[in-house]
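Source file: entry_31.txt. Holds: compact mmCIF, C-alpha atoms.
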# COMPACT_ATOMS: atom_id res chain seq x y z
CA MET A 151 0.00 0.00 0.00
CA ARG A 152 1.67 3.20 -1.18
CA LEU A 153 1.07 6.62 -2.67
CA ALA A 154 3.65 8.73 -4.44
CA LEU A 155 3.98 12.34 -3.44
CA VAL A 156 3.91 13.74 -6.94
CA GLY A 157 0.76 15.82 -7.39
CA ALA A 158 -0.65 14.87 -3.99
CA PHE A 159 -0.65 18.33 -2.39
CA VAL A 160 -3.95 20.17 -2.17
CA SER A 161 -3.56 23.73 -3.38
CA ALA A 162 -6.93 25.10 -2.31
CA ALA A 163 -6.87 27.98 0.15
CA GLN A 164 -7.12 26.93 3.77
CA ALA A 165 -6.87 28.55 7.16
CA GLN A 166 -3.31 28.76 8.35
CA PRO A 167 -2.75 28.54 12.11
CA ARG A 168 -1.57 31.60 13.99
CA THR A 169 1.97 31.18 15.29
CA GLU A 170 2.95 32.16 18.82
CA VAL A 171 6.63 31.96 19.80
CA VAL A 172 6.92 30.41 23.26
CA ILE A 173 10.72 30.76 23.40
CA SER A 174 13.53 31.66 21.00
CA GLY A 175 17.30 31.49 21.39
CA LEU A 176 17.48 27.70 21.59
CA GLU A 177 20.57 26.21 19.94
CA ASN A 178 19.43 23.63 17.38
CA PRO A 179 16.61 22.20 19.49
CA TRP A 180 15.70 18.63 18.60
CA ALA A 181 12.73 17.53 20.72
CA VAL A 182 10.10 18.87 23.09
CA ALA A 183 8.16 17.04 25.78
CA PHE A 184 5.55 18.36 28.19
CA LEU A 185 5.76 18.64 31.97
CA PRO A 186 3.05 19.27 34.55
CA GLY A 187 2.16 22.88 35.23
CA GLY A 188 2.49 23.99 31.62
CA ARG A 189 6.26 23.59 31.52
CA PHE A 190 8.27 22.21 28.60
CA LEU A 191 11.30 19.95 28.44
CA VAL A 192 13.53 20.73 25.44
CA THR A 193 16.70 19.08 24.13
CA GLU A 194 19.37 21.02 22.26
CA LYS A 195 21.58 19.02 19.92
CA PRO A 196 24.93 20.29 21.30
CA GLY A 197 24.15 18.34 24.49
CA ARG A 198 21.79 20.33 26.69
CA MET A 199 18.36 19.59 28.14
CA ARG A 200 16.44 22.35 29.86
CA VAL A 201 13.07 23.10 31.43
CA VAL A 202 11.19 26.05 29.93
CA GLU A 203 8.63 27.83 32.09
CA PRO A 204 5.05 28.35 30.84
CA ASP A 205 5.83 32.01 30.09
CA GLY A 206 8.85 31.04 27.96
CA ARG A 207 11.58 31.70 30.54
CA PRO A 208 14.38 29.12 30.09
CA ASN A 209 16.05 27.51 33.07
CA GLU A 210 19.71 26.54 33.21
CA ALA A 211 20.63 23.32 31.44
CA LEU A 212 19.94 20.23 33.53
CA LYS A 213 22.90 18.61 35.25
CA GLY A 214 23.54 14.88 35.18
CA LEU A 215 23.50 14.03 31.48
CA PRO A 216 25.82 11.23 30.33
CA PRO A 217 28.61 12.04 27.82
CA VAL A 218 27.19 13.08 24.45
CA VAL A 219 29.01 13.23 21.10
CA ALA A 220 27.83 16.43 19.43
CA GLY A 221 28.71 16.91 15.77
CA GLY A 222 27.20 16.38 12.35
CA GLN A 223 23.76 14.89 12.91
CA GLY A 224 24.67 13.61 16.35
CA GLY A 225 24.10 15.04 19.78
CA LEU A 226 21.33 15.07 22.36
CA LEU A 227 18.25 14.14 20.36
CA ASP A 228 14.81 12.84 21.35
CA VAL A 229 13.11 12.98 24.75
CA ILE A 230 9.73 11.76 26.01
CA THR A 231 8.15 11.63 29.44
CA ASP A 232 6.85 8.39 30.92
CA SER A 233 3.07 7.92 30.83
CA ALA A 234 3.17 7.96 34.64
CA PHE A 235 5.51 10.95 34.86
CA ALA A 236 3.28 12.81 37.34
CA SER A 237 3.99 10.12 39.92
CA ASN A 238 7.42 8.77 38.95
CA ARG A 239 9.17 11.80 37.30
CA THR A 240 10.67 9.40 34.75
CA LEU A 241 11.76 10.38 31.26
CA TYR A 242 13.55 8.68 28.37
CA PHE A 243 16.03 10.28 26.02
CA CYS A 244 18.31 9.17 23.22
CA TYR A 245 21.63 10.57 22.10
CA SER A 246 24.89 9.79 20.31
CA GLU A 247 27.04 7.87 22.78
CA PRO A 248 30.86 7.77 22.48
CA ASP A 249 32.96 4.66 22.90
CA ALA A 250 35.69 4.55 25.54
CA ALA A 251 38.34 5.78 23.11
CA GLY A 252 36.20 8.55 21.66
CA SER A 253 36.77 7.28 18.12
CA ALA A 254 33.32 5.79 17.42
CA ASN A 255 29.75 6.29 18.57
CA SER A 256 26.25 4.91 18.43
CA THR A 257 22.68 5.77 19.36
CA ALA A 258 21.82 5.11 23.00
CA LEU A 259 18.59 5.22 24.97
CA ALA A 260 18.62 6.22 28.63
CA ARG A 261 16.12 6.51 31.47
CA ALA A 262 16.30 9.12 34.23
CA GLN A 263 14.23 10.97 36.79
CA LEU A 264 13.82 14.72 36.83
CA SER A 265 14.73 16.11 40.26
CA THR A 266 11.90 17.69 42.24
CA ASP A 267 13.49 21.13 41.83
CA ARG A 268 13.84 20.54 38.06
CA THR A 269 17.59 21.27 38.00
CA ARG A 270 19.15 17.86 37.28
CA LEU A 271 18.65 14.31 36.13
CA GLU A 272 18.84 11.58 38.74
CA ASN A 273 19.20 7.79 38.61
CA VAL A 274 20.39 7.88 35.00
CA GLN A 275 20.52 4.42 33.46
CA VAL A 276 21.46 3.51 29.90
CA LEU A 277 18.84 1.01 28.75
CA PHE A 278 20.16 0.34 25.26
CA SER A 279 23.26 1.01 23.14
CA GLN A 280 23.24 0.39 19.40
CA LYS A 281 25.75 -2.22 18.22
CA PRO A 282 28.22 -1.81 16.68
CA LYS A 283 29.60 1.62 17.37
CA VAL A 284 30.74 3.32 14.15
CA ALA A 285 33.05 6.21 13.29
CA SER A 286 30.29 8.33 11.74
CA ARG A 287 28.53 11.67 12.25
CA HIS A 288 25.38 10.66 10.37
CA HIS A 289 22.10 8.72 10.53
CA PHE A 290 21.43 8.24 14.23
CA GLY A 291 17.67 7.87 13.90
CA CYS A 292 16.67 8.35 17.55
CA ARG A 293 12.92 8.82 17.91
CA ILE A 294 11.24 7.14 20.89
CA VAL A 295 7.59 6.12 21.37
CA GLU A 296 6.02 4.56 24.47
CA MET A 297 3.33 2.07 23.50
CA PRO A 298 0.11 1.31 25.42
CA ASP A 299 1.63 -1.95 26.71
CA GLY A 300 4.52 0.00 28.28
CA THR A 301 7.18 -1.07 25.78
CA LEU A 302 9.46 1.44 24.06
CA PHE A 303 10.06 1.65 20.34
CA MET A 304 13.08 3.50 18.95
CA THR A 305 14.30 4.18 15.42
CA LEU A 306 17.95 3.51 14.57
CA GLY A 307 19.78 4.84 11.53
CA ASP A 308 22.13 2.91 9.25
CA ARG A 309 24.99 5.32 10.11
CA PHE A 310 25.31 6.21 6.37
CA SER A 311 28.54 4.27 5.71
CA ARG A 312 27.01 0.94 6.81
CA LYS A 313 23.80 0.83 4.79
CA ASP A 314 24.18 -2.84 3.82
CA ASP A 315 24.02 -3.78 7.50
CA ALA A 316 20.37 -2.68 7.49
CA GLN A 317 19.64 -6.05 5.82
CA THR A 318 21.28 -8.28 8.42
CA LEU A 319 20.03 -9.12 11.91
CA ASP A 320 23.35 -9.41 13.75
CA ASN A 321 23.53 -5.64 14.31
CA HIS A 322 21.23 -2.71 15.17
CA LEU A 323 22.02 -0.54 12.13
CA GLY A 324 18.98 0.50 10.10
CA LYS A 325 16.51 -1.08 12.51
CA VAL A 326 13.51 -0.35 14.69
CA ILE A 327 13.92 -1.81 18.17
CA ARG A 328 11.40 -2.64 20.88
CA ILE A 329 12.44 -2.97 24.51
CA GLY A 330 10.85 -2.92 27.95
CA LYS A 331 11.40 -0.10 30.40
CA ASP A 332 14.02 -2.32 32.04
CA GLY A 333 16.01 -2.38 28.80
CA LYS A 334 15.27 -6.05 28.07
CA ALA A 335 13.82 -7.42 24.85
CA PRO A 336 10.19 -8.53 25.35
CA ALA A 337 9.65 -12.27 24.94
CA ASP A 338 7.27 -11.70 22.02
CA ASN A 339 9.74 -9.74 19.89
CA PRO A 340 10.00 -11.41 16.46
CA PHE A 341 13.67 -12.44 16.57
CA VAL A 342 14.08 -13.41 20.23
CA ASN A 343 14.63 -17.07 19.45
CA ARG A 344 16.44 -16.77 16.11
CA ALA A 345 20.11 -17.72 16.17
CA GLY A 346 22.41 -14.91 15.08
CA ALA A 347 19.72 -12.21 15.45
CA LEU A 348 19.68 -9.48 18.09
CA PRO A 349 16.56 -9.84 20.26
CA GLU A 350 15.73 -6.12 20.45
CA ILE A 351 15.03 -5.89 16.69
CA TRP A 352 11.40 -5.32 15.70
CA SER A 353 11.83 -4.53 11.97
CA TYR A 354 14.73 -3.92 9.61
CA GLY A 355 15.73 -2.45 6.26
CA HIS A 356 15.33 1.15 7.44
CA ARG A 357 17.58 4.08 6.54
CA ASN A 358 17.25 6.94 9.04
CA GLY A 359 14.00 7.41 10.94
CA GLN A 360 13.67 10.91 12.40
CA GLY A 361 9.96 10.84 13.13
CA ALA A 362 7.77 8.40 15.04
CA ALA A 363 4.40 8.42 16.76
CA LEU A 364 1.71 6.25 18.29
CA GLY A 365 -1.05 6.10 15.71
CA PRO A 366 -4.77 6.35 16.44
CA ASP A 367 -4.92 2.69 15.40
CA GLY A 368 -2.69 1.81 18.36
CA ARG A 369 0.27 0.97 16.12
CA PHE A 370 3.78 2.39 15.86
CA TRP A 371 4.19 4.75 12.89
CA MET A 372 7.43 6.23 11.59
CA HIS A 373 8.95 8.08 8.69
CA GLU A 374 12.49 7.90 7.39
CA HIS A 375 14.85 9.82 5.18
CA GLY A 376 15.52 8.41 1.74
CA PRO A 377 18.74 9.25 -0.11
CA GLN A 378 18.05 11.71 -2.97
CA GLY A 379 14.29 11.18 -3.09
CA GLY A 380 12.40 8.33 -1.51
CA ASP A 381 11.57 9.61 1.98
CA GLU A 382 8.98 7.19 3.38
CA ILE A 383 6.16 6.73 5.86
CA ASN A 384 5.98 3.20 7.27
CA VAL A 385 3.94 1.35 9.87
CA PRO A 386 6.52 -1.29 10.85
CA GLN A 387 5.18 -4.79 11.40
CA ALA A 388 6.97 -7.33 13.58
CA GLY A 389 9.80 -9.05 11.74
CA ARG A 390 9.20 -7.34 8.39
CA ASN A 391 11.90 -6.09 6.01
CA TYR A 392 11.41 -2.54 4.72
CA GLY A 393 13.94 -2.91 1.96
CA TRP A 394 16.73 -0.39 2.39
CA PRO A 395 19.13 -0.36 0.55
CA VAL A 396 17.87 -3.10 -1.79
CA ILE A 397 14.72 -1.19 -2.75
CA THR A 398 14.18 2.57 -2.68
CA TYR A 399 12.35 5.30 -4.60
CA GLY A 400 15.46 7.48 -4.31
CA GLU A 401 18.84 7.57 -5.99
CA ASN A 402 22.44 8.32 -5.08
CA TYR A 403 23.35 11.89 -4.21
CA GLY A 404 24.28 13.52 -7.49
CA GLY A 405 22.27 10.95 -9.43
CA GLY A 406 22.61 7.29 -10.34
CA ARG A 407 20.78 4.21 -9.14
CA ILE A 408 21.38 2.54 -5.82
CA GLY A 409 22.29 -1.12 -6.19
CA ASP A 410 20.11 -2.67 -8.88
CA GLY A 411 17.85 0.36 -8.95
CA LEU A 412 14.82 -1.56 -7.67
CA SER A 413 11.76 0.02 -6.05
CA ALA A 414 10.04 -3.27 -5.22
CA LYS A 415 11.07 -6.84 -4.46
CA GLU A 416 9.29 -9.89 -3.13
CA GLY A 417 9.61 -10.22 0.64
CA MET A 418 10.18 -6.48 1.16
CA GLU A 419 7.51 -4.05 2.30
CA GLN A 420 6.29 -1.06 0.34
CA PRO A 421 5.98 2.27 2.15
CA LEU A 422 2.59 3.67 3.01
CA LYS A 423 3.78 6.80 1.22
CA TYR A 424 6.95 8.18 -0.32
CA TRP A 425 8.17 11.63 -1.36
CA VAL A 426 9.98 12.48 -4.59
CA PRO A 427 11.74 14.87 -4.28
CA SER A 428 12.70 14.44 -0.64
CA ILE A 429 11.26 16.84 1.91
CA ALA A 430 13.75 15.76 4.64
CA PRO A 431 11.06 14.87 7.20
CA SER A 432 11.52 15.30 10.94
CA GLY A 433 9.09 15.12 13.82
CA MET A 434 5.75 13.37 13.64
CA ALA A 435 2.46 13.67 15.51
CA PHE A 436 -1.17 12.68 15.13
CA LEU A 437 -3.72 15.25 16.24
CA SER A 438 -6.32 13.74 18.55
CA SER A 439 -7.89 17.00 19.75
CA ASP A 440 -10.62 19.06 18.10
CA ARG A 441 -8.94 22.40 18.81
CA TYR A 442 -8.56 23.12 15.08
CA GLY A 443 -11.92 21.77 13.98
CA ALA A 444 -13.15 18.47 12.64
CA ALA A 445 -11.14 18.65 9.41
CA TRP A 446 -7.83 18.44 11.26
CA LYS A 447 -8.73 15.85 13.89
CA GLY A 448 -6.94 12.57 13.21
CA ASN A 449 -4.55 14.15 10.71
CA LEU A 450 -0.84 13.36 10.71
CA PHE A 451 1.64 16.25 10.98
CA ILE A 452 5.25 16.02 9.78
CA GLY A 453 7.90 18.75 9.62
CA SER A 454 10.05 19.39 6.55
CA LEU A 455 13.65 20.36 7.16
CA LYS A 456 14.44 20.89 3.49
CA PHE A 457 11.50 23.06 2.46
CA GLY A 458 10.57 24.59 5.81
CA TYR A 459 6.90 23.74 6.17
CA LEU A 460 4.60 21.61 8.31
CA ASP A 461 2.85 18.92 6.30
CA ARG A 462 -0.77 18.23 7.33
CA ILE A 463 -1.63 14.78 5.97
CA GLU A 464 -5.15 13.40 5.70
CA ILE A 465 -5.43 9.63 6.07
CA LYS A 466 -8.52 7.60 5.27
CA ASP A 467 -8.79 3.83 5.50
CA GLY A 468 -5.03 3.56 5.99
CA LYS A 469 -4.19 5.58 2.88
CA VAL A 470 -2.93 9.11 2.36
CA VAL A 471 -5.64 11.03 0.53
CA ALA A 472 -4.44 14.66 0.71
CA GLU A 473 -1.64 16.93 1.97
CA HIS A 474 -1.60 20.57 2.96
CA LYS A 475 1.44 22.79 3.50
CA LEU A 476 1.34 24.86 6.70
CA LEU A 477 3.79 27.55 7.92
CA GLU A 478 5.32 27.59 4.44
CA SER A 479 5.87 31.35 4.44
CA GLY A 480 8.29 31.09 7.38
CA ARG A 481 10.70 28.78 5.53
CA GLU A 482 12.07 27.54 8.86
CA ARG A 483 13.49 24.04 9.25
CA ILE A 484 10.96 22.18 11.37
CA ARG A 485 12.67 19.60 13.55
CA ASP A 486 9.87 18.40 15.84
CA VAL A 487 6.09 18.54 16.11
CA ARG A 488 4.03 17.39 19.11
CA GLN A 489 0.52 17.75 20.45
CA GLY A 490 0.52 19.33 23.89
CA PRO A 491 -1.72 18.53 26.87
CA ASP A 492 -3.78 21.57 25.85
CA GLY A 493 -4.61 19.89 22.53
CA LEU A 494 -2.56 22.42 20.55
CA LEU A 495 0.32 21.66 18.21
CA TYR A 496 3.88 22.76 19.01
CA VAL A 497 6.83 22.82 16.62
CA LEU A 498 10.57 23.29 17.09
CA THR A 499 12.68 25.04 14.48
CA ASP A 500 16.20 23.78 13.84
CA ALA A 501 18.52 26.81 13.89
CA GLN A 502 21.20 28.49 15.97
CA ASP A 503 18.34 30.71 17.14
CA GLY A 504 15.78 27.92 17.31
CA LYS A 505 12.21 28.48 18.48
CA LEU A 506 9.45 26.61 20.21
CA ILE A 507 6.26 27.72 18.49
CA ARG A 508 2.65 27.18 19.57
CA LEU A 509 0.08 26.92 16.78
CA GLN A 510 -3.14 28.72 17.63
CA PRO A 511 -6.31 28.06 15.63
CA ARG A 512 -7.72 30.96 13.61

C-alpha cells encoding of this file:
Amino acid sequence: MRLALVGAFVSAAQAQPRTEVVISGLENPWAVAFLPGGRFLVTEKPGRMRVVEPDGRPNEALKGLPPVVAGGQGGLLDVITDSAFASNRTLYFCYSEPDAAGSANSTALARAQLSTDRTRLENVQVLFSQKPKVASRHHFGCRIVEMPDGTLFMTLGDRFSRKDDAQTLDNHLGKVIRIGKDGKAPADNPFVNRAGALPEIWSYGHRNGQGAALGPDGRFWMHEHGPQGGDEINVPQAGRNYGWPVITYGENYGGGRIGDGLSAKEGMEQPLKYWVPSIAPSGMAFLSSDRYGAAWKGNLFIGSLKFGYLDRIEIKDGKVVAEHKLLESGRERIRDVRQGPDGLLYVLTDAQDGKLIRLQPR
C-alpha cells in the first residue's frame, strides 16, 4: 500500500494557524516534551536539556546528562516523558554515545528521573546502546515512542557508511527496536529465538528514521529519510523487512541508481507513502484533539527540514488522501512537532536561534 507524493498536495486555500513563539534562542533544538504545570522539556543538539517555564523563561541546562558526542547529525536528540511521569518523574532520552576511546559512537537510549526542583537528572541508566559503534557523524535515527503496553520503540539509523548492514540481523544498524522499560527485549519480539539475530530488533531495512508516533490505530508509525528522493512513511510490522538499501524510490546523491535500482522486491515491504523529491522529514504527531476543527482531527503532521513547512496529511482507510502545507511562508526548518496537553500543536525550528512555536487556531 503506497502513494507517491507527486501531485498529492492540495492547493486550495485553507486557514493557516496563527503562530505564537513560546521561546527563542534555543541552539538547534531537537525535541520537546511536556511537563506538569504547563512547563516544557527541550533538548538542544549540542548536548543540553532544559526546562522552559510556561511564560517562555528558560532555566539553566539540567545537570547529570551522560557524555554526548555532538557533531554532524549527532548530539542530544529525542526525549519523552513516561506515561506515569506525574507520579514517577521518569523520562527517556536518546543521544549519540561515544565509545571509551572517543573514536566511534552509536545511538543510546537512557532513562532518568527529573529532580523535584527541576535542575538535574537523577538515577540515570542507559537502557540500550546500538551495536556496533561506528566512526560516523550521520544517521542516528533516535525517535522514541512509548506504547500502550509500556514497551518502548526507537528508530535507529544505518549510520550512512554501513547501509548494507540494514539487511542483516546481527547488528542494530537501520533497525527499529522494541524494549521494555528495564532495557530487556520482550519475549514476544519477532527475533528473540532466532540464532544470530539481536533480540531487540522489531523490523529492519530502514535508513534513518527521524519521526515516530503512536497512531490512532494503536500501532507504531514512523517516517524515514531516503537518499536523494524516496523519503517514506511506514507502519513497521513485527519481523518485516522494509527494503533499504535493496529497494528505494530514491537515488544516489548527485544521481545514479542505488544497487540494482529496484523500487520493489518480493519479501520487502512497500511504504505507506513516499516523497519524490525528498522533503527531509523530521518530527511526527497525530492530532487527537478538536482544537482546530473536525477537518484536522486525526490528521498526521510532519515537519520538513528541506523546504521549511509543516505537512498536514489526511489519512482515510489507511491511505494518504491529501496533503496541505502549513507555515510555508516562514521557511524555517521544522525539527519536531508534538501535540501538547492543551490539545494544541507545538513545533521546534532547527537553527542556531531555534524556536518553540505554539500553533493557535484561527

Contact residues around Glu296 in chain A with all atoms listed in the file at 10 Å, ignoring same-chain residues under 4 positions, as a PDB file with C-alpha atoms, keeping the file's coordinate frame:
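selection.pdb was written with the following content:
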ATOM      1  CA  ILE A 230       9.730  11.760  26.010  1.00  0.00           C
ATOM      2  CA  THR A 231       8.150  11.630  29.440  1.00  0.00           C
ATOM      3  CA  ASP A 232       6.850   8.390  30.920  1.00  0.00           C
ATOM      4  CA  SER A 233       3.070   7.920  30.830  1.00  0.00           C
ATOM      5  CA  TYR A 242      13.550   8.680  28.370  1.00  0.00           C
ATOM      6  CA  GLY A 300       4.520   0.000  28.280  1.00  0.00           C
ATOM      7  CA  THR A 301       7.180  -1.070  25.780  1.00  0.00           C
ATOM      8  CA  LEU A 302       9.460   1.440  24.060  1.00  0.00           C
ATOM      9  CA  PHE A 303      10.060   1.650  20.340  1.00  0.00           C
ATOM     10  CA  MET A 304      13.080   3.500  18.950  1.00  0.00           C
ATOM     11  CA  ARG A 328      11.400  -2.640  20.880  1.00  0.00           C
ATOM     12  CA  ILE A 329      12.440  -2.970  24.510  1.00  0.00           C
ATOM     13  CA  GLY A 330      10.850  -2.920  27.950  1.00  0.00           C
ATOM     14  CA  LYS A 331      11.400  -0.100  30.400  1.00  0.00           C
ATOM     15  CA  ALA A 363       4.400   8.420  16.760  1.00  0.00           C
ATOM     16  CA  LEU A 364       1.710   6.250  18.290  1.00  0.00           C
ATOM     17  CA  PHE A 370       3.780   2.390  15.860  1.00  0.00           C
TER      18      PHE A 370
END

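With all atoms listed in the file as the basis for measurement, A:Gly490 is the residue among A:Gln502, A:Pro248, A:Leu277, A:Gly490 that approaches Gly188 in chain A most closely.
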
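You can rank A:Arg483, A:Lys466, A:Lys334, A:Arg207 by their closest distance to Ser454 in chain A using all atoms listed in the file, and at the top of that list sits A:Arg483.
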
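Minimum atom-to-atom distances from A:Tyr399, A:Tyr424, A:Tyr245, A:Trp446 to Gln378 in chain A were compared using all atoms listed in the file, and the lowest value belongs to A:Tyr399.
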
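Taking CA of Asp503 in chain A and CA of Gly453 in chain A as endpoints, the distance between them is 17.6 Å.
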
Quiz item: Taking all atoms listed in the file into account, which of A:Leu506, A:Lys447, A:Asp315, A:Met297 comes nearest Leu191 in chain A?
Solution: A:Leu506

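One finds CA of Asp461 in chain A at 15.2 Å from CA of Thr169 in chain A.
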
Quiz prompt | For range 429-444 of chain A: contacts at 9 Å, all atoms listed in the file, fewer than 5 positions along chain excluded, given as number ranges by chain | solution = A: 167, 180-181, 293, 359-366, 371-376, 379, 381-382, 449-458, 484-489, 492-495, 497-498, 510-512

Just the selected residues (C-alpha atoms), exported as a CSV table (one decimal), in the coordinates of the input, please.
chain,number,residue,atom,x,y,z
A,167,PRO,CA,-2.8,28.5,12.1
A,180,TRP,CA,15.7,18.6,18.6
A,181,ALA,CA,12.7,17.5,20.7
A,293,ARG,CA,12.9,8.8,17.9
A,359,GLY,CA,14.0,7.4,10.9
A,360,GLN,CA,13.7,10.9,12.4
A,361,GLY,CA,10.0,10.8,13.1
A,362,ALA,CA,7.8,8.4,15.0
A,363,ALA,CA,4.4,8.4,16.8
A,364,LEU,CA,1.7,6.2,18.3
A,365,GLY,CA,-1.0,6.1,15.7
A,366,PRO,CA,-4.8,6.4,16.4
A,371,TRP,CA,4.2,4.8,12.9
A,372,MET,CA,7.4,6.2,11.6
A,373,HIS,CA,9.0,8.1,8.7
A,374,GLU,CA,12.5,7.9,7.4
A,375,HIS,CA,14.8,9.8,5.2
A,376,GLY,CA,15.5,8.4,1.7
A,379,GLY,CA,14.3,11.2,-3.1
A,381,ASP,CA,11.6,9.6,2.0
A,382,GLU,CA,9.0,7.2,3.4
A,449,ASN,CA,-4.6,14.2,10.7
A,450,LEU,CA,-0.8,13.4,10.7
A,451,PHE,CA,1.6,16.2,11.0
A,452,ILE,CA,5.2,16.0,9.8
A,453,GLY,CA,7.9,18.8,9.6
A,454,SER,CA,10.0,19.4,6.6
A,455,LEU,CA,13.6,20.4,7.2
A,456,LYS,CA,14.4,20.9,3.5
A,457,PHE,CA,11.5,23.1,2.5
A,458,GLY,CA,10.6,24.6,5.8
A,484,ILE,CA,11.0,22.2,11.4
A,485,ARG,CA,12.7,19.6,13.6
A,486,ASP,CA,9.9,18.4,15.8
A,487,VAL,CA,6.1,18.5,16.1
A,488,ARG,CA,4.0,17.4,19.1
A,489,GLN,CA,0.5,17.8,20.4
A,492,ASP,CA,-3.8,21.6,25.8
A,493,GLY,CA,-4.6,19.9,22.5
A,494,LEU,CA,-2.6,22.4,20.6
A,495,LEU,CA,0.3,21.7,18.2
A,497,VAL,CA,6.8,22.8,16.6
A,498,LEU,CA,10.6,23.3,17.1
A,510,GLN,CA,-3.1,28.7,17.6
A,511,PRO,CA,-6.3,28.1,15.6
A,512,ARG,CA,-7.7,31.0,13.6

Exercise. Would you kindly return, as an MDAnalysis selection string, each protein, DNA or RNA residue with an atom no farther than 10 Å from any atom of Ala254 in chain A, considering all atoms listed in the file and excluding same-chain residues fewer than 4 positions away?
Key: chainID A and resid 219 246:250 282:287

Exercise. Rank A:Asp228, A:Asp205, A:Glu478, A:Glu473 by their smallest atom-to-atom distance to Tyr459 in chain A, using all atoms listed in the file, and report the top residue only.
Key: A:Glu478

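Straight-line separation from CA of Glu401 in chain A to CA of Pro377 in chain A: 6.1 Å.
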
Which neighbours of Tyr392 in chain A fall inside 7 Å, counting only C-alpha atoms, when residues of the same chain fewer than 5 positions from it are skipped, and could you give them as a PDB file with C-alpha atoms, in the frame of the given file?
ATOM      1  CA  TYR A 354      14.730  -3.920   9.610  1.00  0.00           C
ATOM      2  CA  GLY A 355      15.730  -2.450   6.260  1.00  0.00           C
ATOM      3  CA  HIS A 356      15.330   1.150   7.440  1.00  0.00           C
ATOM      4  CA  MET A 418      10.180  -6.480   1.160  1.00  0.00           C
ATOM      5  CA  GLU A 419       7.510  -4.050   2.300  1.00  0.00           C
ATOM      6  CA  GLN A 420       6.290  -1.060   0.340  1.00  0.00           C
TER       7      GLN A 420
END

Quiz item: For Pro186 in chain A, which of A:Val202, A:Leu271, A:Leu422, A:Leu412 is the closest residue, counting all atoms listed in the file?
Solution: A:Val202

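Neighbours of Asp314 in chain A closer than or equal to 12 Å, with only C-alpha atoms counted and sequence neighbours fewer than 3 positions away skipped, come out as Gly307, Asp308, Arg309, Phe310, Ser311, Gln317, Thr318, Leu319, Asp320, Asn321, His322, Leu323, Gly324, Lys325, Tyr354, Gly355, His356, Arg357, Gly393, Trp394, Pro395, Val396, Ile397, Ile408 and Gly409 of chain A.
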
Size and centre in Å, one decimal, axis-aligned box, all listed range 365-374 of chain A atoms plus 6 Å per side, as JSON:
{"center_x": 3.8, "center_y": 4.5, "center_z": 12.9, "size_x": 29.4, "size_y": 19.1, "size_z": 23.0}

Could you pull range 451-455 of chain A out of the block above and save it with all heavy atoms, as a CSV table (one decimal), in the first residue's frame?
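The result, written out as part.csv:
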chain,number,residue,atom,x,y,z
A,451,PHE,N,0.8,15.0,11.2
A,451,PHE,CA,1.6,16.3,11.0
A,451,PHE,C,3.1,15.9,11.0
A,451,PHE,O,3.6,15.2,11.9
A,451,PHE,CB,1.3,17.3,12.1
A,451,PHE,CG,-0.1,17.8,12.0
A,451,PHE,CD1,-1.1,17.1,12.5
A,451,PHE,CD2,-0.3,19.0,11.3
A,451,PHE,CE1,-2.4,17.6,12.4
A,451,PHE,CE2,-1.6,19.5,11.2
A,451,PHE,CZ,-2.7,18.8,11.8
A,452,ILE,N,3.8,16.3,9.9
A,452,ILE,CA,5.3,16.0,9.8
A,452,ILE,C,6.0,17.3,9.4
A,452,ILE,O,5.5,18.0,8.5
A,452,ILE,CB,5.5,14.9,8.7
A,452,ILE,CG1,4.9,13.6,9.2
A,452,ILE,CG2,6.9,14.7,8.4
A,452,ILE,CD1,4.9,12.5,8.2
A,453,GLY,N,7.1,17.6,10.0
A,453,GLY,CA,7.9,18.7,9.6
A,453,GLY,C,8.8,18.5,8.4
A,453,GLY,O,9.3,17.3,8.3
A,454,SER,N,9.1,19.5,7.6
A,454,SER,CA,10.1,19.4,6.5
A,454,SER,C,11.3,20.3,6.9
A,454,SER,O,11.1,21.5,7.0
A,454,SER,CB,9.4,19.9,5.2
A,454,SER,OG,10.4,20.0,4.2
A,455,LEU,N,12.4,19.6,7.0
A,455,LEU,CA,13.7,20.4,7.2
A,455,LEU,C,14.1,21.1,5.9
A,455,LEU,O,14.5,22.2,5.9
A,455,LEU,CB,14.8,19.4,7.6
A,455,LEU,CG,14.6,18.8,9.0
A,455,LEU,CD1,15.6,17.6,9.2
A,455,LEU,CD2,14.8,19.8,10.1
